[in-house]
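Participant: One file is attached below, run_5.txt, containing compact mmCIF, C-alpha atoms and all ligand atoms.
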```txt
# COMPACT_ATOMS: atom_id res chain seq x y z
CA MET A 88 -11.12 -71.30 -31.95
CA SER A 89 -8.98 -68.27 -31.43
CA GLY A 90 -8.49 -66.95 -34.91
CA SER A 91 -9.17 -63.52 -36.26
CA TYR A 92 -12.43 -62.60 -37.96
CA PHE A 93 -12.77 -62.73 -41.73
CA GLN A 94 -12.22 -59.34 -43.24
CA ARG A 95 -15.43 -57.60 -44.29
CA ASP A 96 -16.20 -57.93 -48.00
CA ARG A 97 -16.61 -54.26 -48.75
CA THR A 98 -17.81 -54.95 -52.28
CA TRP A 99 -20.83 -56.72 -50.78
CA HIS A 100 -21.67 -53.88 -48.39
CA PRO A 101 -22.65 -50.45 -49.64
CA PRO A 102 -19.68 -48.12 -50.16
CA ALA A 103 -19.54 -45.09 -47.85
CA LEU A 104 -20.16 -42.58 -50.65
CA THR A 105 -23.42 -43.20 -52.53
CA PRO A 106 -24.47 -39.86 -54.07
CA SER A 107 -28.03 -40.94 -54.91
CA TYR A 108 -28.50 -41.29 -51.14
CA LYS A 109 -27.69 -37.65 -50.57
CA THR A 110 -26.94 -37.64 -46.86
CA SER A 111 -23.98 -39.93 -47.51
CA ILE A 112 -22.19 -37.22 -49.48
CA LEU A 113 -20.98 -35.27 -46.43
CA ARG A 114 -20.96 -38.19 -43.99
CA SER A 115 -18.66 -40.57 -45.89
CA PRO A 116 -14.97 -40.75 -45.06
CA SER A 117 -12.86 -40.00 -48.12
CA GLN A 118 -9.57 -41.46 -46.87
CA ALA A 119 -8.80 -45.15 -47.15
CA LEU A 120 -9.76 -47.27 -44.14
CA LEU A 121 -6.86 -48.74 -42.16
CA SER A 122 -7.09 -52.52 -42.66
CA LEU A 123 -5.70 -54.74 -39.90
CA PRO A 124 -6.40 -58.19 -38.48
CA THR A 125 -8.60 -58.26 -35.40
CA SER A 126 -7.10 -58.21 -31.92
CA LEU A 127 -8.81 -59.20 -28.66
CA SER A 128 -10.28 -55.70 -28.54
CA GLU A 129 -12.46 -56.61 -31.55
CA GLU A 130 -12.77 -60.37 -30.88
CA THR A 131 -14.61 -59.76 -27.60
CA GLY A 132 -17.98 -58.11 -27.14
CA PRO A 133 -20.71 -57.44 -24.59
CA VAL A 134 -23.27 -60.06 -23.54
CA PHE A 135 -26.85 -59.49 -22.51
CA GLY A 136 -28.72 -61.98 -20.36
CA HIS A 137 -32.16 -63.38 -21.13
CA ASP A 138 -33.19 -62.07 -17.70
CA MET A 139 -33.00 -58.57 -19.15
CA LEU A 140 -36.05 -59.21 -21.34
CA GLY A 141 -39.64 -58.52 -20.37
CA PRO A 142 -42.47 -60.72 -21.65
CA LEU A 143 -43.63 -58.17 -24.24
CA ASP A 144 -40.21 -57.07 -25.51
CA ASN A 145 -40.71 -59.08 -28.72
CA ASP A 146 -44.40 -58.21 -29.13
CA LEU A 147 -44.71 -54.86 -30.88
CA ILE A 148 -48.48 -55.32 -31.18
CA ARG A 149 -48.84 -55.00 -27.42
CA ASN A 150 -45.67 -53.62 -25.87
CA PHE A 151 -46.72 -49.98 -26.20
CA ALA A 152 -50.50 -50.49 -26.26
CA LYS A 153 -52.80 -49.18 -23.56
CA ASP A 154 -54.58 -51.76 -21.40
CA GLY A 155 -56.09 -54.45 -23.57
CA ALA A 156 -55.57 -52.57 -26.84
CA GLU A 157 -53.46 -53.67 -29.79
CA ALA A 158 -51.63 -51.89 -32.59
CA ILE A 159 -53.47 -51.40 -35.87
CA GLY A 160 -52.23 -53.14 -38.98
CA GLN A 161 -51.60 -56.42 -40.70
CA ARG A 162 -50.36 -58.83 -38.06
CA ILE A 163 -47.10 -60.61 -38.85
CA VAL A 164 -44.55 -62.83 -37.16
CA VAL A 165 -40.91 -62.28 -38.10
CA TYR A 166 -38.56 -65.12 -37.25
CA GLY A 167 -35.16 -66.33 -38.28
CA ARG A 168 -31.69 -67.25 -37.20
CA VAL A 169 -28.51 -65.34 -36.59
CA LEU A 170 -25.66 -67.25 -38.23
CA ASP A 171 -22.02 -66.52 -38.90
CA GLU A 172 -20.21 -66.81 -42.23
CA ASN A 173 -19.25 -70.38 -41.28
CA ALA A 174 -23.02 -71.11 -41.15
CA ARG A 175 -22.89 -71.70 -37.40
CA PRO A 176 -25.67 -70.31 -35.17
CA VAL A 177 -24.76 -67.30 -33.06
CA ARG A 178 -26.34 -67.94 -29.68
CA GLY A 179 -27.38 -65.62 -26.92
CA VAL A 180 -27.01 -62.37 -28.85
CA LEU A 181 -29.18 -59.29 -28.61
CA VAL A 182 -31.24 -58.38 -31.67
CA GLU A 183 -33.03 -55.02 -31.59
CA PHE A 184 -35.59 -53.87 -34.15
CA TRP A 185 -37.55 -50.71 -34.88
CA GLN A 186 -40.06 -49.68 -37.50
CA ALA A 187 -42.77 -47.30 -38.66
CA ASN A 188 -46.43 -48.06 -37.96
CA ALA A 189 -48.88 -49.57 -40.47
CA GLY A 190 -49.32 -46.14 -42.10
CA GLY A 191 -45.56 -45.59 -42.50
CA ARG A 192 -45.24 -43.11 -39.62
CA TYR A 193 -42.54 -43.27 -36.93
CA ARG A 194 -43.13 -42.29 -33.32
CA HIS A 195 -40.40 -39.64 -33.25
CA ARG A 196 -40.41 -35.90 -32.68
CA LYS A 197 -38.53 -35.23 -35.92
CA GLU A 198 -40.89 -37.33 -38.04
CA GLY A 199 -42.63 -35.17 -40.65
CA TYR A 200 -44.88 -37.58 -42.55
CA VAL A 201 -48.61 -36.77 -42.46
CA ALA A 202 -49.76 -40.36 -41.87
CA ALA A 203 -51.51 -40.81 -38.52
CA LEU A 204 -49.82 -41.97 -35.35
CA ASP A 205 -51.24 -45.13 -33.83
CA PRO A 206 -51.63 -44.47 -30.10
CA ASN A 207 -51.02 -48.16 -29.43
CA PHE A 208 -47.82 -48.58 -31.41
CA GLY A 209 -44.35 -47.61 -30.18
CA GLY A 210 -42.26 -49.30 -32.84
CA CYS A 211 -39.40 -50.93 -30.91
CA GLY A 212 -38.68 -54.46 -29.80
CA ARG A 213 -35.85 -56.81 -28.94
CA ALA A 214 -35.00 -60.47 -28.51
CA ILE A 215 -32.02 -62.62 -27.59
CA THR A 216 -31.19 -65.62 -29.79
CA ASP A 217 -31.68 -69.09 -28.33
CA GLY A 218 -29.34 -72.09 -28.41
CA GLU A 219 -29.88 -72.52 -32.15
CA GLY A 220 -29.44 -68.84 -32.93
CA ARG A 221 -33.20 -68.30 -33.36
CA TYR A 222 -35.19 -65.18 -32.60
CA GLU A 223 -38.78 -64.20 -33.28
CA PHE A 224 -41.15 -61.33 -32.73
CA ARG A 225 -44.67 -60.29 -33.46
CA THR A 226 -45.54 -56.95 -35.01
CA ILE A 227 -47.65 -55.23 -37.65
CA LYS A 228 -46.39 -54.85 -41.19
CA PRO A 229 -44.91 -51.35 -41.50
CA GLY A 230 -46.13 -49.02 -44.24
CA ALA A 231 -44.00 -47.48 -46.99
CA TYR A 232 -43.20 -43.80 -46.45
CA PRO A 233 -41.88 -40.84 -48.44
CA TRP A 234 -38.63 -39.20 -47.39
CA PRO A 235 -36.71 -36.09 -48.41
CA ASN A 236 -34.03 -37.13 -50.88
CA GLY A 237 -35.31 -36.90 -54.45
CA VAL A 238 -38.63 -35.10 -54.82
CA ASN A 239 -40.59 -38.35 -54.81
CA ASP A 240 -38.50 -40.98 -53.04
CA TRP A 241 -40.27 -43.62 -50.97
CA ARG A 242 -38.88 -46.21 -48.63
CA PRO A 243 -40.27 -49.70 -49.18
CA ALA A 244 -41.82 -51.32 -46.12
CA HIS A 245 -38.89 -52.27 -43.89
CA ILE A 246 -37.82 -53.13 -40.38
CA HIS A 247 -34.50 -51.84 -39.00
CA PHE A 248 -32.26 -54.33 -37.19
CA SER A 249 -29.32 -53.86 -34.83
CA VAL A 250 -27.44 -57.07 -34.09
CA PHE A 251 -24.69 -57.89 -31.61
CA GLY A 252 -22.54 -60.97 -32.07
CA HIS A 253 -19.99 -62.57 -29.78
CA ALA A 254 -17.39 -60.05 -30.88
CA PHE A 255 -17.57 -56.31 -31.40
CA ALA A 256 -16.16 -57.02 -34.89
CA GLN A 257 -19.55 -58.58 -35.72
CA ARG A 258 -21.62 -55.51 -34.81
CA LEU A 259 -24.12 -54.84 -37.59
CA VAL A 260 -27.04 -52.56 -38.38
CA THR A 261 -29.21 -53.40 -41.36
CA GLN A 262 -32.80 -53.45 -42.66
CA MET A 263 -35.26 -56.17 -43.61
CA TYR A 264 -37.56 -55.90 -46.63
CA PHE A 265 -40.63 -57.95 -47.59
CA GLU A 266 -40.86 -60.51 -50.38
CA GLY A 267 -42.77 -59.31 -53.41
CA ASP A 268 -42.62 -55.60 -52.63
CA PRO A 269 -42.29 -53.61 -55.88
CA MET A 270 -40.94 -50.63 -53.91
CA ILE A 271 -37.67 -52.36 -52.99
CA CYS A 272 -35.66 -51.85 -56.15
CA GLN A 273 -36.52 -48.18 -56.67
CA CYS A 274 -35.21 -47.15 -53.24
CA PRO A 275 -31.98 -45.11 -53.18
CA ILE A 276 -31.05 -46.59 -49.79
CA VAL A 277 -31.56 -50.17 -50.97
CA ARG A 278 -29.59 -49.29 -54.09
CA THR A 279 -26.55 -48.24 -52.07
CA ILE A 280 -25.90 -52.03 -52.09
CA PRO A 281 -24.17 -52.68 -55.41
CA ASP A 282 -24.86 -56.39 -55.79
CA ARG A 283 -28.36 -57.66 -56.57
CA ALA A 284 -27.74 -60.94 -54.70
CA ALA A 285 -26.71 -58.92 -51.64
CA ILE A 286 -29.99 -56.98 -51.81
CA GLU A 287 -31.91 -60.26 -51.97
CA GLN A 288 -30.18 -61.32 -48.76
CA LEU A 289 -32.18 -58.58 -47.01
CA VAL A 290 -35.57 -59.63 -48.40
CA ALA A 291 -37.51 -61.77 -45.94
CA ALA A 292 -39.44 -64.69 -47.41
CA LEU A 293 -43.17 -65.08 -46.84
CA ASP A 294 -43.51 -68.42 -45.07
CA ARG A 295 -46.98 -69.89 -45.43
CA ASN A 296 -46.05 -72.82 -43.19
CA ALA A 297 -45.26 -70.53 -40.27
CA THR A 298 -48.40 -68.41 -40.39
CA ILE A 299 -50.72 -68.44 -37.39
CA PRO A 300 -54.11 -69.36 -38.87
CA MET A 301 -56.74 -66.62 -38.59
CA ASP A 302 -54.11 -64.37 -36.95
CA SER A 303 -50.72 -63.58 -38.53
CA LEU A 304 -48.67 -63.99 -41.69
CA ALA A 305 -45.05 -65.01 -41.18
CA TYR A 306 -41.78 -63.83 -42.69
CA LYS A 307 -38.43 -65.55 -42.30
CA PHE A 308 -35.36 -63.34 -42.03
CA ASP A 309 -31.93 -64.88 -41.38
CA ILE A 310 -29.04 -62.60 -40.51
CA VAL A 311 -25.40 -63.46 -41.17
CA LEU A 312 -22.60 -61.97 -39.08
CA ARG A 313 -18.88 -62.11 -39.74
CA GLY A 314 -17.21 -65.49 -39.28
CA ARG A 315 -13.96 -66.42 -37.65
CA ARG A 316 -10.96 -68.43 -38.75
CA SER A 317 -10.73 -71.79 -37.04
CA THR A 318 -7.77 -73.43 -38.66
CA LEU A 319 -5.32 -75.34 -36.52
CA PHE A 320 -2.56 -73.63 -38.45
CA GLU A 321 -3.50 -70.08 -37.50
CA ASN A 322 -0.40 -67.93 -37.69
CA ARG A 323 -0.11 -66.82 -34.09
CA MET A 324 2.73 -66.52 -31.64
CA GLU A 325 2.84 -68.79 -28.59
CA GLY A 326 0.91 -67.56 -25.61
CA ASN A 327 -1.97 -66.03 -27.55
CA MET B 145 -16.28 -75.19 -62.37
CA VAL B 146 -15.03 -75.83 -58.86
CA GLN B 147 -16.60 -76.99 -55.63
CA ARG B 148 -18.56 -74.41 -53.68
CA LEU B 149 -17.17 -73.03 -50.45
CA ASP B 150 -19.49 -73.47 -47.50
CA HIS B 151 -19.23 -69.87 -46.37
CA LEU B 152 -22.24 -67.60 -46.18
CA LYS B 153 -22.00 -63.94 -47.03
CA GLU B 154 -22.33 -61.41 -44.24
CA SER B 155 -25.69 -59.61 -44.36
CA PRO B 156 -25.08 -56.32 -46.13
CA SER B 157 -25.34 -53.25 -43.93
CA GLN B 158 -27.96 -50.54 -44.33
CA THR B 159 -27.98 -47.13 -42.71
CA ALA B 160 -29.39 -46.87 -39.19
CA GLY B 161 -31.46 -43.95 -40.48
CA PRO B 162 -32.69 -40.87 -38.63
CA TYR B 163 -34.79 -42.83 -36.13
CA VAL B 164 -32.19 -45.29 -34.84
CA HIS B 165 -32.90 -44.20 -31.28
CA ILE B 166 -36.42 -45.64 -31.44
CA GLY B 167 -34.74 -49.03 -31.41
CA THR B 168 -31.71 -48.33 -29.26
CA ASN B 169 -32.74 -45.53 -26.87
CA PRO B 170 -36.55 -45.54 -26.87
CA ASN B 171 -36.84 -43.75 -23.54
CA TRP B 172 -34.61 -40.97 -24.85
CA VAL B 173 -37.05 -40.38 -27.72
CA GLU B 174 -40.03 -40.45 -25.35
CA ILE B 175 -41.17 -43.98 -26.11
CA THR B 176 -41.58 -44.86 -22.46
CA GLY B 177 -42.95 -47.89 -20.70
CA VAL B 178 -41.67 -50.43 -23.22
CA TRP B 179 -38.47 -51.10 -21.32
CA LYS B 180 -37.30 -49.65 -18.05
CA ALA B 181 -34.08 -48.02 -19.09
CA ASP B 182 -32.08 -47.59 -22.28
CA LEU B 183 -29.07 -49.90 -22.42
CA GLY B 184 -25.48 -48.80 -22.06
CA LEU B 185 -25.99 -45.38 -20.47
CA VAL B 186 -24.00 -46.21 -17.32
CA LEU B 187 -20.66 -48.00 -17.44
CA VAL B 188 -19.22 -47.34 -14.01
CA GLY B 189 -20.63 -48.18 -10.57
CA PRO B 190 -19.29 -47.73 -7.03
CA ASP B 191 -17.55 -51.13 -7.15
CA THR B 192 -15.86 -50.66 -10.51
CA ARG B 193 -12.08 -50.80 -10.22
CA GLY B 194 -9.89 -48.29 -12.00
CA GLU B 195 -9.32 -44.62 -12.64
CA ARG B 196 -12.48 -42.67 -13.50
CA VAL B 197 -12.22 -40.74 -16.75
CA ILE B 198 -14.62 -38.85 -18.99
CA VAL B 199 -14.57 -39.26 -22.74
CA GLU B 200 -16.44 -36.61 -24.69
CA GLY B 201 -16.52 -35.00 -28.07
CA THR B 202 -18.50 -34.10 -31.14
CA LEU B 203 -19.11 -35.55 -34.56
CA THR B 204 -18.77 -33.32 -37.61
CA ASP B 205 -19.48 -33.89 -41.30
CA GLY B 206 -17.49 -32.89 -44.38
CA ALA B 207 -18.87 -29.35 -44.27
CA GLY B 208 -17.88 -28.96 -40.62
CA ALA B 209 -21.49 -29.16 -39.43
CA LEU B 210 -22.31 -31.01 -36.22
CA VAL B 211 -23.96 -34.39 -36.71
CA ARG B 212 -26.81 -34.38 -34.17
CA ASP B 213 -28.62 -37.61 -34.92
CA ALA B 214 -25.89 -40.25 -34.50
CA LEU B 215 -25.54 -43.13 -32.09
CA ILE B 216 -22.16 -43.87 -30.55
CA GLU B 217 -21.09 -47.08 -28.88
CA ILE B 218 -17.85 -47.82 -27.05
CA TRP B 219 -16.24 -51.09 -26.06
CA GLN B 220 -13.16 -51.44 -23.89
CA ALA B 221 -11.20 -53.58 -21.44
CA ASP B 222 -11.32 -53.16 -17.67
CA ALA B 223 -8.54 -51.58 -15.61
CA GLU B 224 -6.46 -54.77 -15.87
CA GLY B 225 -6.87 -55.04 -19.63
CA LEU B 226 -9.50 -57.82 -19.48
CA HIS B 227 -12.80 -57.77 -21.37
CA ASN B 228 -16.11 -58.62 -19.75
CA SER B 229 -16.92 -61.11 -22.52
CA PRO B 230 -17.14 -64.89 -22.89
CA ALA B 231 -14.63 -64.50 -25.72
CA GLU B 232 -12.00 -63.17 -23.29
CA THR B 233 -9.34 -65.87 -23.11
CA ARG B 234 -6.96 -64.54 -20.44
CA GLY B 235 -8.95 -64.33 -17.21
CA LYS B 236 -12.01 -62.99 -15.47
CA ALA B 237 -12.73 -59.30 -15.94
CA ASP B 238 -14.06 -56.94 -13.26
CA ALA B 239 -17.72 -58.00 -12.82
CA ALA B 240 -18.59 -54.41 -11.90
CA PHE B 241 -17.56 -53.09 -15.30
CA ALA B 242 -19.46 -54.14 -18.43
CA GLY B 243 -17.07 -52.34 -20.76
CA TRP B 244 -19.82 -51.42 -23.21
CA GLY B 245 -21.51 -48.06 -23.47
CA ARG B 246 -24.02 -46.48 -25.80
CA GLN B 247 -25.02 -42.83 -26.05
CA PRO B 248 -27.09 -40.83 -28.48
CA VAL B 249 -25.37 -37.70 -29.70
CA SER B 250 -27.14 -34.74 -28.13
CA ASP B 251 -29.65 -32.94 -30.32
CA ALA B 252 -28.88 -29.66 -28.66
CA ASP B 253 -25.12 -29.33 -29.08
CA GLY B 254 -24.06 -32.39 -31.06
CA SER B 255 -21.88 -33.71 -28.25
CA PHE B 256 -21.50 -37.12 -26.66
CA ARG B 257 -20.07 -38.10 -23.31
CA PHE B 258 -19.14 -41.32 -21.55
CA GLU B 259 -18.16 -41.67 -17.92
CA THR B 260 -15.86 -44.66 -17.89
CA ILE B 261 -12.49 -45.87 -16.60
CA ARG B 262 -9.05 -45.93 -18.11
CA PRO B 263 -8.62 -49.41 -19.63
CA GLY B 264 -5.58 -51.60 -19.11
CA ARG B 265 -3.45 -52.89 -21.96
CA VAL B 266 -4.60 -55.58 -24.36
CA PRO B 267 -2.25 -57.71 -26.46
CA TRP B 268 -1.90 -57.44 -30.20
CA PRO B 269 -2.10 -60.81 -32.05
CA ASP B 270 1.70 -61.16 -31.92
CA GLY B 271 1.78 -60.70 -28.14
CA ARG B 272 3.00 -57.09 -28.01
CA LEU B 273 0.92 -54.88 -25.74
CA GLN B 274 -1.29 -52.26 -27.31
CA ALA B 275 -1.59 -48.84 -25.71
CA PRO B 276 -4.78 -48.34 -23.65
CA HIS B 277 -7.62 -47.61 -26.07
CA VAL B 278 -11.38 -47.55 -26.43
CA THR B 279 -13.17 -48.98 -29.47
CA VAL B 280 -15.65 -46.48 -30.90
CA TRP B 281 -18.47 -47.32 -33.32
CA ILE B 282 -20.72 -44.79 -35.04
CA VAL B 283 -23.98 -45.20 -36.92
CA ALA B 284 -26.29 -42.49 -38.25
CA ARG B 285 -28.41 -41.42 -41.17
CA GLY B 286 -26.11 -41.16 -44.19
CA ILE B 287 -23.63 -43.73 -42.85
CA ASN B 288 -24.11 -46.88 -44.91
CA LEU B 289 -21.89 -49.13 -42.80
CA GLY B 290 -21.08 -48.44 -39.15
CA LEU B 291 -17.78 -46.59 -38.74
CA HIS B 292 -15.18 -48.11 -36.45
CA THR B 293 -12.38 -46.12 -34.86
CA ARG B 294 -10.35 -46.01 -31.66
CA LEU B 295 -9.66 -43.49 -28.97
CA TYR B 296 -6.16 -43.44 -27.48
CA PHE B 297 -5.32 -41.41 -24.38
CA GLY B 298 -3.34 -38.20 -24.81
CA ASP B 299 -1.41 -38.69 -21.55
CA GLU B 300 -0.05 -42.13 -22.57
CA ALA B 301 2.70 -40.85 -24.85
CA ALA B 302 5.13 -43.69 -24.13
CA ALA B 303 2.56 -46.46 -24.69
CA ASN B 304 1.14 -44.70 -27.75
CA ALA B 305 4.61 -44.49 -29.29
CA GLN B 306 4.86 -48.32 -29.09
CA ASP B 307 1.31 -49.12 -30.19
CA PRO B 308 1.19 -51.49 -33.19
CA LEU B 309 -1.97 -49.95 -34.65
CA LEU B 310 -0.82 -46.34 -34.33
CA ALA B 311 2.50 -47.41 -35.86
CA ARG B 312 0.62 -48.30 -39.03
CA ILE B 313 -0.38 -44.64 -39.52
CA PRO B 314 2.82 -42.94 -40.72
CA GLU B 315 1.52 -39.35 -40.99
CA PRO B 316 1.63 -37.70 -37.54
CA ALA B 317 -1.39 -35.53 -38.34
CA ARG B 318 -3.53 -38.55 -39.18
CA ARG B 319 -2.30 -40.50 -36.16
CA ALA B 320 -3.23 -37.52 -33.99
CA THR B 321 -6.90 -37.91 -34.96
CA LEU B 322 -7.05 -41.01 -32.74
CA ILE B 323 -5.32 -39.49 -29.71
CA ALA B 324 -7.66 -37.61 -27.38
CA PRO B 325 -5.99 -34.69 -25.58
CA ARG B 326 -6.37 -34.61 -21.81
CA THR B 327 -7.87 -31.81 -19.78
CA GLU B 328 -9.29 -31.93 -16.29
CA ARG B 329 -12.63 -30.98 -14.76
CA ASP B 330 -13.29 -31.14 -11.00
CA GLY B 331 -10.23 -33.34 -10.63
CA VAL B 332 -11.44 -35.90 -13.21
CA PRO B 333 -9.43 -36.39 -16.41
CA VAL B 334 -11.43 -35.49 -19.51
CA PHE B 335 -10.36 -36.82 -22.90
CA ARG B 336 -11.65 -34.86 -25.85
CA PHE B 337 -12.40 -36.99 -28.90
CA ASP B 338 -13.77 -34.95 -31.79
CA ILE B 339 -14.63 -37.24 -34.69
CA ARG B 340 -14.49 -35.80 -38.20
CA LEU B 341 -16.28 -37.92 -40.74
CA GLN B 342 -14.72 -36.29 -43.78
CA GLY B 343 -12.39 -33.58 -44.98
CA GLU B 344 -9.66 -31.74 -43.19
CA ARG B 345 -8.32 -33.73 -40.20
CA GLU B 346 -10.63 -36.62 -41.10
CA THR B 347 -10.55 -39.25 -38.37
CA VAL B 348 -8.80 -42.51 -39.22
CA PHE B 349 -11.42 -45.23 -39.56
CA LEU B 350 -10.61 -48.90 -39.26
CA ASP B 351 -11.31 -52.03 -41.27
CA MET B 352 -10.65 -54.72 -38.67
FE FE C 1 -36.92 -46.51 -41.71
```
Rewrite the structure of this file - the entire thing - as structure tokens.
Ligand SMILES: [Fe+3]

Facilitator:
Amino acid sequence: MSGSYFQRDRTWHPPALTPSYKTSILRSPSQALLSLPTSLSEETGPVFGHDMLGPLDNDLIRNFAKDGAEAIGQRIVVYGRVLDENARPVRGVLVEFWQANAGGRYRHRKEGYVAALDPNFGGCGRAITDGEGRYEFRTIKPGAYPWPNGVNDWRPAHIHFSVFGHAFAQRLVTQMYFEGDPMICQCPIVRTIPDRAAIEQLVAALDRNATIPMDSLAYKFDIVLRGRRSTLFENRMEGN
Amino acid sequence: MVQRLDHLKESPSQTAGPYVHIGTNPNWVEITGVWKADLGLVLVGPDTRGERVIVEGTLTDGAGALVRDALIEIWQADAEGLHNSPAETRGKADAAFAGWGRQPVSDADGSFRFETIRPGRVPWPDGRLQAPHVTVWIVARGINLGLHTRLYFGDEAAANAQDPLLARIPEPARRATLIAPRTERDGVPVFRFDIRLQGERETVFLDM
């Protein structure tokens, strides 16, 4: 296994320039990207040990709460696997997530939405995938929120994800949406993704079998990172 | 019809948004007590081998305005050209150098800064040596898919002239966007890497 990574399918990802998401207009490169196969500089990446994690890192209900308190909102468990494009689990990788509170308000000094802050909710968490590529965390379902773009644009409920792989070439930031949410398809940020099937890949499924009775609903969200060539006939010079 | 391939599709990217630092640098945005320290702030310790250098710069948009809400990550080899990664195939890297750094762009002046070391040389897939370089990755509000570029060192003219990636950029002015000029401050080399997202002197971004 020493091949290069599959090239990104840039018709599946959002293009850089998406005028209905206005901030992209001045922040999108206009020159063509320089396409090249990966070298070791991209085929390697940082690792983070499980010993880095504290017991509440994947519990957003309690990791910012004052003694004994818990965050307000509908309690949910989010779980899933990190896989690569060859459908193999990606083990031991750091997954970071952040979100607004149940009212749709972020804990951030630039946040302007009028919804109330929850004194017991910080909004960040992290996990490292296990031997099967699994991660899970507990949180409250974030609220939808309005944002300055069009005069009446709202973000659907979502959780932001930052994912490391085994290679820097796999580095990915994305967002998770919730099954059944009518706000998803009206969102200019969701609609930066041109393909409907690609959008559906970001919609977590409600999993009634994984709920915690009398406690939490559960959503399953799998994440796919770039895969790597593994052919015996990889075109490489001796010594590499 | 034909048989289906077994490949999955990569999860599509979405912007990191304006509040990316809640997830990546919570202490920096005053969400304290959740974890001790934000990751990636310090690359170099007393035991790290190699020449200390500073990499700093700004990020500007297509109107020339400073982008003040971005997150920048770097990834690089150690002084011998080895990566501190299980995917490194050629040997054991310096244990005192993680090779990965992460910094929020400063609200105040739109600048970023990494204290790191000059990396060694890493082979290209055909075995030729690349010039020393640092992988740079940028996410922010308005960036739909993280932008990948590279910093090369302005005082490595001979190595840069032989570099297989730089050789793929025929226009000297475009190639120059990846080469950080060297200055010095208190005896430490400082490499200035101003990233322009769009427009005149737009930085070369990579699809690798
Ligand atoms: Fe958001």

Participant: Show me a table, sorted first by chain and then by increasing residue number, of the residues of chain A having an atom at most 7 Å from ligand FE 1 (chain C), each with its shortest atom pair and the distance in Å to one decimal, counting only C-alpha atoms and all ligand atoms and written as JSON lines.

Facilitator:
```
{"residue": "A:Gln186", "atom": "CA", "partner": "C:FE1", "partner_atom": "FE", "distance": 6.1}
{"residue": "A:Ala187", "atom": "CA", "partner": "C:FE1", "partner_atom": "FE", "distance": 6.6}
{"residue": "A:His245", "atom": "CA", "partner": "C:FE1", "partner_atom": "FE", "distance": 6.5}
{"residue": "A:Ile246", "atom": "CA", "partner": "C:FE1", "partner_atom": "FE", "distance": 6.8}
{"residue": "A:His247", "atom": "CA", "partner": "C:FE1", "partner_atom": "FE", "distance": 6.5}
```

Participant: Would you kindly return, as a list of chain:residue names, each protein, DNA or RNA residue with an atom no farther than 8 Å from any atom of Arg318 in chain B, considering all atoms listed in the file and excluding same-chain residues fewer than 3 positions away?

Facilitator: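 Skipping anything fewer than 3 positions along the chain leaves B:Ile313, B:Pro314, B:Glu315, B:Thr321, B:Leu322, B:Arg345, B:Glu346, B:Thr347, B:Val348.
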
Participant: Please report the interatomic distance between CA of Pro325 in chain B and CA of Phe297 in chain B in Å with one decimal.

Facilitator: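 For CA of Pro325 in chain B relative to CA of Phe297 in chain B, the distance reads 6.9 Å.
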
Participant: Could you list, as number ranges by chain, every residue within 7 Å of range 243-258 of chain B, counting all atoms listed in the file and ignoring same-chain residues fewer than 3 positions away?

Facilitator: A: 133; B: 183-187, 198-203, 210-222, 227-228

Participant: Any idea what's packed within 12 Å of Ala156 in chain A, counting all atoms listed in the file, ignoring anything in its chain fewer than 3 positions away? Could you give it as a list in words?

Facilitator: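 Near Ala156 in chain A, the qualifying residues are Leu147, Ile148, Arg149, Asn150, Phe151, Ala152, Lys153, Ile159, Asp205, Pro206, Asn207 and Phe208 of chain A.
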
Participant: Near chain A, meaning an atom within 6 Å, which residues of chain B appear when counting all atoms listed in the file? Write them as a PyMOL selection string.

Facilitator: chain B and resi 151-158+167+178+205-206+229+231+268-270+286+288+341-342+349-352

Participant: Between CA of Gly177 in chain B and CA of Gly155 in chain A, measure the distance and give it in Å to one decimal.

Facilitator: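 These two atoms are separated by 15.0 Å.
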
Participant: Which one is closest to Phe337 in chain B: B:Lys180, B:Arg262, B:Arg294, B:Arg312? Count all atoms listed in the file.

Facilitator: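 Closest to Phe337 in chain B, using all atoms listed in the file: B:Arg294.
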
Participant: How many Å separate CA of Val266 in chain B from CA of Glu224 in chain B?

Facilitator: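 Here the two named atoms are 8.7 Å from each other.
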